[in-house]
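Peer 1: The following block contains the structure, expressed as structure tokens.
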Amino acid sequence: MPRFNKRTITGSPATRAAKRATPRTGTPPAPPHPGRTLALTSAATAVALMTYTAPMVTLPETAAALHTPLSAQAWLLNGTPLGLAALLLVAGSLADDHGRRRIFTAGTLALGITAVLGAFASTTWQFTLARIAQGAASAGLLASSLGLLVHAFPTPHGRLRATGVWGAFVSGGIAVGPLVAGALPDWRVAYGVLGAAALLLAALAPRTLTESRAPRPGRPDVLGALAFGLALIALIAALTLGRDGWLRAPVGLLLLAAVVLVAVFALLERRTATPMIDLGLLRRPAFLASSAGGLFTGLAVIGLFSFLPALLQQTLGMSAMNTAWLFLLWSGLSFAVALQARRLAGRVPPRLQLALGFALHAVGALAMLGALAAHSWPRLLPGLVLGGIGSGLLNAALPLVAVESVPAARAAMGSGAQQTFRYVGSCAGVALTIAVSTSTGGGLAHGADVAMAVSAALAVLAAVLLGVLREQRA
């Protein structure tokens with residue numbers, strides 16, 4: 001009769017990996033419920049984006065309450081994308097390695113707590129730190145969401161539908177956030193409401209979602225995350241200070257520090273056993289397309305539309321609520337187009353959708369030139385329509401390209417990488433838009449025209465780049 005010992009039963013690596021993926025009760029994990037997974041991850045994503053976009057229409061009121069000078073207002077908008085960009089990569093790796101439901105729940109809970117804390121901020125730095133913490137929490141939520149969806153929708157058709165709906169809720173959150181902030185009597189109340197919504201979703205997550213993971217040996221890449229985060233802070237600080245003179249020594253030193261820290265980050269990623277991002281993926285056209293699409297979405301689209309509502313209030317004298325309704329034309333169209341764009345996937349490759357989305361944004365930005373100088377908000381309407389359609393195509397295609405550009409087991413890492421580039425671009429785009437629009441000698445209206453032209457040029461560059469990458473793969 002054979003003898004069994006503890007080493008025979010549990011000693012093999014495959015057995016240990018299976019035990020890590022199975023609850024301690026010894027029973028196999030329950031199968032995921034696709035509909036509930038999609039509903040909860042989409043709702044939480046919408047709340048995260050609502051929190052992100054809330055200051056867009058309340059920026060003048062918030063800056064006045066916190067006594068924030070014009071030169072520092074970029075930090076009020078950039079806090080959340082800064083936290084997102086700094087931690088999305090490590091959040092994606094943690095979700096794959098230690099459990100996507102676990103990271104999703106922790107991120108949603110932290111978002112609720114930090115949103116409430118932001119409502120009680122009394123200084124610019126307190127509010128900015130709360131916004132950075134909101135971004136860090138949102139990083140865990142967003143990076144794990146697509147990993148949960150890939151696990152719940154294993155077939156290509158199901159994955160196409162799920163990522164299309166999820167992308168539409170990205171646009172939906174962007175659309176509803178300013179409306180909620182503008183409709184409530186005070187900007188502080190808005191953060192309390194959004195925090196309560198996030199806490200409710202966090203309470204639902206453990207019972208609604210099924211745990212999934214793709215564990216690797218090793219520890220989280222803390223040094224890589226630190227180097228990347230510091231590089232991003234140096235870059236945003238340089239762009240923020242640039243409005244007072246691009247050739248000044250502090251600006252040059254900060255840009256140099258950003259370059260050095262990026263080089264350190266790359267070196268760390270090559271040497272660690274569990275990198276936040278596999279740099280070898282940058283040789284794959286699909287991953288390059290995903291990264292470039294995210295980066296230029298932040299630079300060209302989010303950068304412009306994050307500060308445009310504040311420009312409308314300061315140049316046309318519009319109220320926060322009226323600005324939110326006008327902004328809804330762009331963001332609402334983005335939601336509707338993203339929800340329907342999945343129908344194009346069988347006929348139009350996702351990267352071509354990205355190129356078309358950037359082209360439409362460029363035309364829309366150019367169509368808005370001169371509207372603020374003429375004090376005519378109706379002249380903005382054609383550009384907002386074209387830009388909204390373009391943004392919808394981008395938000396529908398980006399999540400699909402992100403999960404298709406990496407192996408299925410690393411879906412959360414692929415999502416984190418693409419969204420990291422998106423929010424790096426967003427941080428840089430917001431700072432650049434504010435610097436350009438407020439540093440020209442012709443006033444805010446002229447500065448807005450310059451910012452729109454820069455945004456259009458960046459979008460054209462993105463469309464051309466994505467076209468070249470598509471040809472290379474063929």
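Here, A, B, ... name the chains of the structure tokens in the order displayed, residue numbers run from 1 inside each chain, and ligands are numbered from 1 in the same displayed order.
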With only C-alpha atoms as the counted atoms, please give the residues lying no more than 10 Å from Ala43 of chain A, apart from itself and same-chain residues fewer than 2 positions off, as a PyMOL selection string.
Peer 2: chain A and resi 37-41+45-49+166+169-170+172-173+197-198+201
Peer 1: Please produce an output containing N, CA and C atoms for each residue in the selection, written as a CSV table (one decimal), in the first residue's frame.
Peer 2:
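What follows is the written file out-v9.csv:
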chain,number,residue,atom,x,y,z
A,37,THR,N,-21.3,40.9,-12.9
A,37,THR,CA,-19.9,41.5,-12.9
A,37,THR,C,-19.9,42.7,-13.8
A,38,LEU,N,-20.5,42.6,-15.0
A,38,LEU,CA,-20.5,43.8,-15.9
A,38,LEU,C,-21.2,45.0,-15.2
A,39,ALA,N,-22.4,44.7,-14.6
A,39,ALA,CA,-23.1,45.8,-14.0
A,39,ALA,C,-22.3,46.5,-12.9
A,40,LEU,N,-21.7,45.7,-12.0
A,40,LEU,CA,-21.0,46.3,-10.8
A,40,LEU,C,-19.7,47.0,-11.3
A,41,THR,N,-18.9,46.4,-12.1
A,41,THR,CA,-17.7,47.0,-12.6
A,41,THR,C,-18.0,48.3,-13.4
A,45,THR,N,-16.9,52.0,-12.2
A,45,THR,CA,-16.1,52.8,-13.2
A,45,THR,C,-16.7,54.2,-13.4
A,46,ALA,N,-18.1,54.2,-13.6
A,46,ALA,CA,-18.7,55.5,-13.8
A,46,ALA,C,-18.6,56.4,-12.6
A,47,VAL,N,-18.7,55.8,-11.3
A,47,VAL,CA,-18.5,56.7,-10.1
A,47,VAL,C,-17.1,57.2,-10.1
A,48,ALA,N,-16.1,56.4,-10.4
A,48,ALA,CA,-14.7,56.8,-10.4
A,48,ALA,C,-14.5,58.0,-11.4
A,49,LEU,N,-15.1,57.9,-12.6
A,49,LEU,CA,-15.0,58.9,-13.6
A,49,LEU,C,-15.8,60.2,-13.2
A,166,TRP,N,-18.5,48.6,-20.9
A,166,TRP,CA,-17.6,49.2,-19.9
A,166,TRP,C,-17.0,50.6,-20.4
A,169,PHE,N,-19.6,53.3,-20.2
A,169,PHE,CA,-19.7,53.8,-18.8
A,169,PHE,C,-18.6,54.7,-18.4
A,170,VAL,N,-17.4,54.6,-19.1
A,170,VAL,CA,-16.4,55.6,-18.9
A,170,VAL,C,-16.9,56.9,-19.4
A,172,GLY,N,-20.0,57.7,-19.8
A,172,GLY,CA,-21.2,58.1,-19.0
A,172,GLY,C,-20.7,58.8,-17.7
A,173,GLY,N,-19.7,58.2,-17.1
A,173,GLY,CA,-19.2,58.9,-15.9
A,173,GLY,C,-18.7,60.3,-16.1
A,197,ALA,N,-21.8,56.8,-2.8
A,197,ALA,CA,-22.1,55.9,-3.9
A,197,ALA,C,-20.9,54.8,-4.0
A,198,ALA,N,-19.7,55.3,-3.8
A,198,ALA,CA,-18.6,54.3,-3.9
A,198,ALA,C,-18.6,53.3,-2.8
A,201,LEU,N,-21.2,50.6,-3.4
A,201,LEU,CA,-20.7,49.6,-4.4
A,201,LEU,C,-19.6,48.7,-3.8
Peer 1: Give the alpha helix (DSSP H) residues of segment 11-167 of chain A, as DSSP finds them on the backbone, and put them as JSON, numbers by chain.
Peer 2: {"A": [13, 14, 15, 16, 17, 18, 19, 20, 34, 35, 36, 37, 38, 39, 40, 41, 42, 43, 44, 45, 46, 47, 48, 49, 50, 51, 52, 53, 55, 56, 57, 58, 59, 60, 61, 62, 63, 64, 65, 66, 73, 74, 75, 76, 77, 78, 79, 80, 81, 82, 83, 84, 85, 86, 87, 88, 89, 90, 91, 92, 93, 94, 95, 96, 97, 98, 100, 101, 102, 103, 104, 105, 106, 107, 108, 109, 110, 111, 112, 113, 114, 115, 116, 117, 118, 119, 124, 125, 126, 127, 128, 129, 130, 131, 132, 133, 134, 135, 136, 137, 138, 139, 140, 141, 142, 143, 144, 145, 146, 147, 148, 149, 150, 151, 152, 156, 157, 158, 159, 160, 161, 162, 163, 164, 165, 166, 167]}
Peer 1: From the set A:Met452, A:Leu247, A:Met56, A:Val337, which residue has the shortest atom-to-atom contact distance to Leu77 of chain A, counting only C-alpha atoms?
Peer 2: A:Met56
Peer 1: Please report as CSV every residue of segment 210-297 of chain A lying within 12 Å of segment 134-158 of chain A, along with the nearest atom pair and their distance in Å (one decimal), using only C-alpha atoms.
Peer 2:
residue,atom,partner,partner_atom,distance
A:Thr210,CA,A:Leu148,CA,8.1
A:Glu211,CA,A:Leu148,CA,8.0
A:Ser212,CA,A:His151,CA,7.0
A:Arg213,CA,A:Gly147,CA,8.5
A:Ala214,CA,A:Gly147,CA,9.9
A:Ala225,CA,A:Ala136,CA,11.8
A:Gly229,CA,A:Ala136,CA,11.0
Peer 1: At a cut-off of 10 Å, using only C-alpha atoms, what residues contact segment 312-327 of chain A? Leave out same-chain residues fewer than 6 positions from it and give the result as a PyMOL selection string.
Peer 2: chain A and resi 54+56-61+174-184+305+371-378+380-381+384+388+443-445+448
Peer 1: Could you jot down the atom CA of Asp221 of chain A to atom CA of Ala95 of chain A separation for me, Å, one decimal place?
Peer 2: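 Atom-to-atom, atom CA of Asp221 of chain A to atom CA of Ala95 of chain A, that is 13.0 Å.
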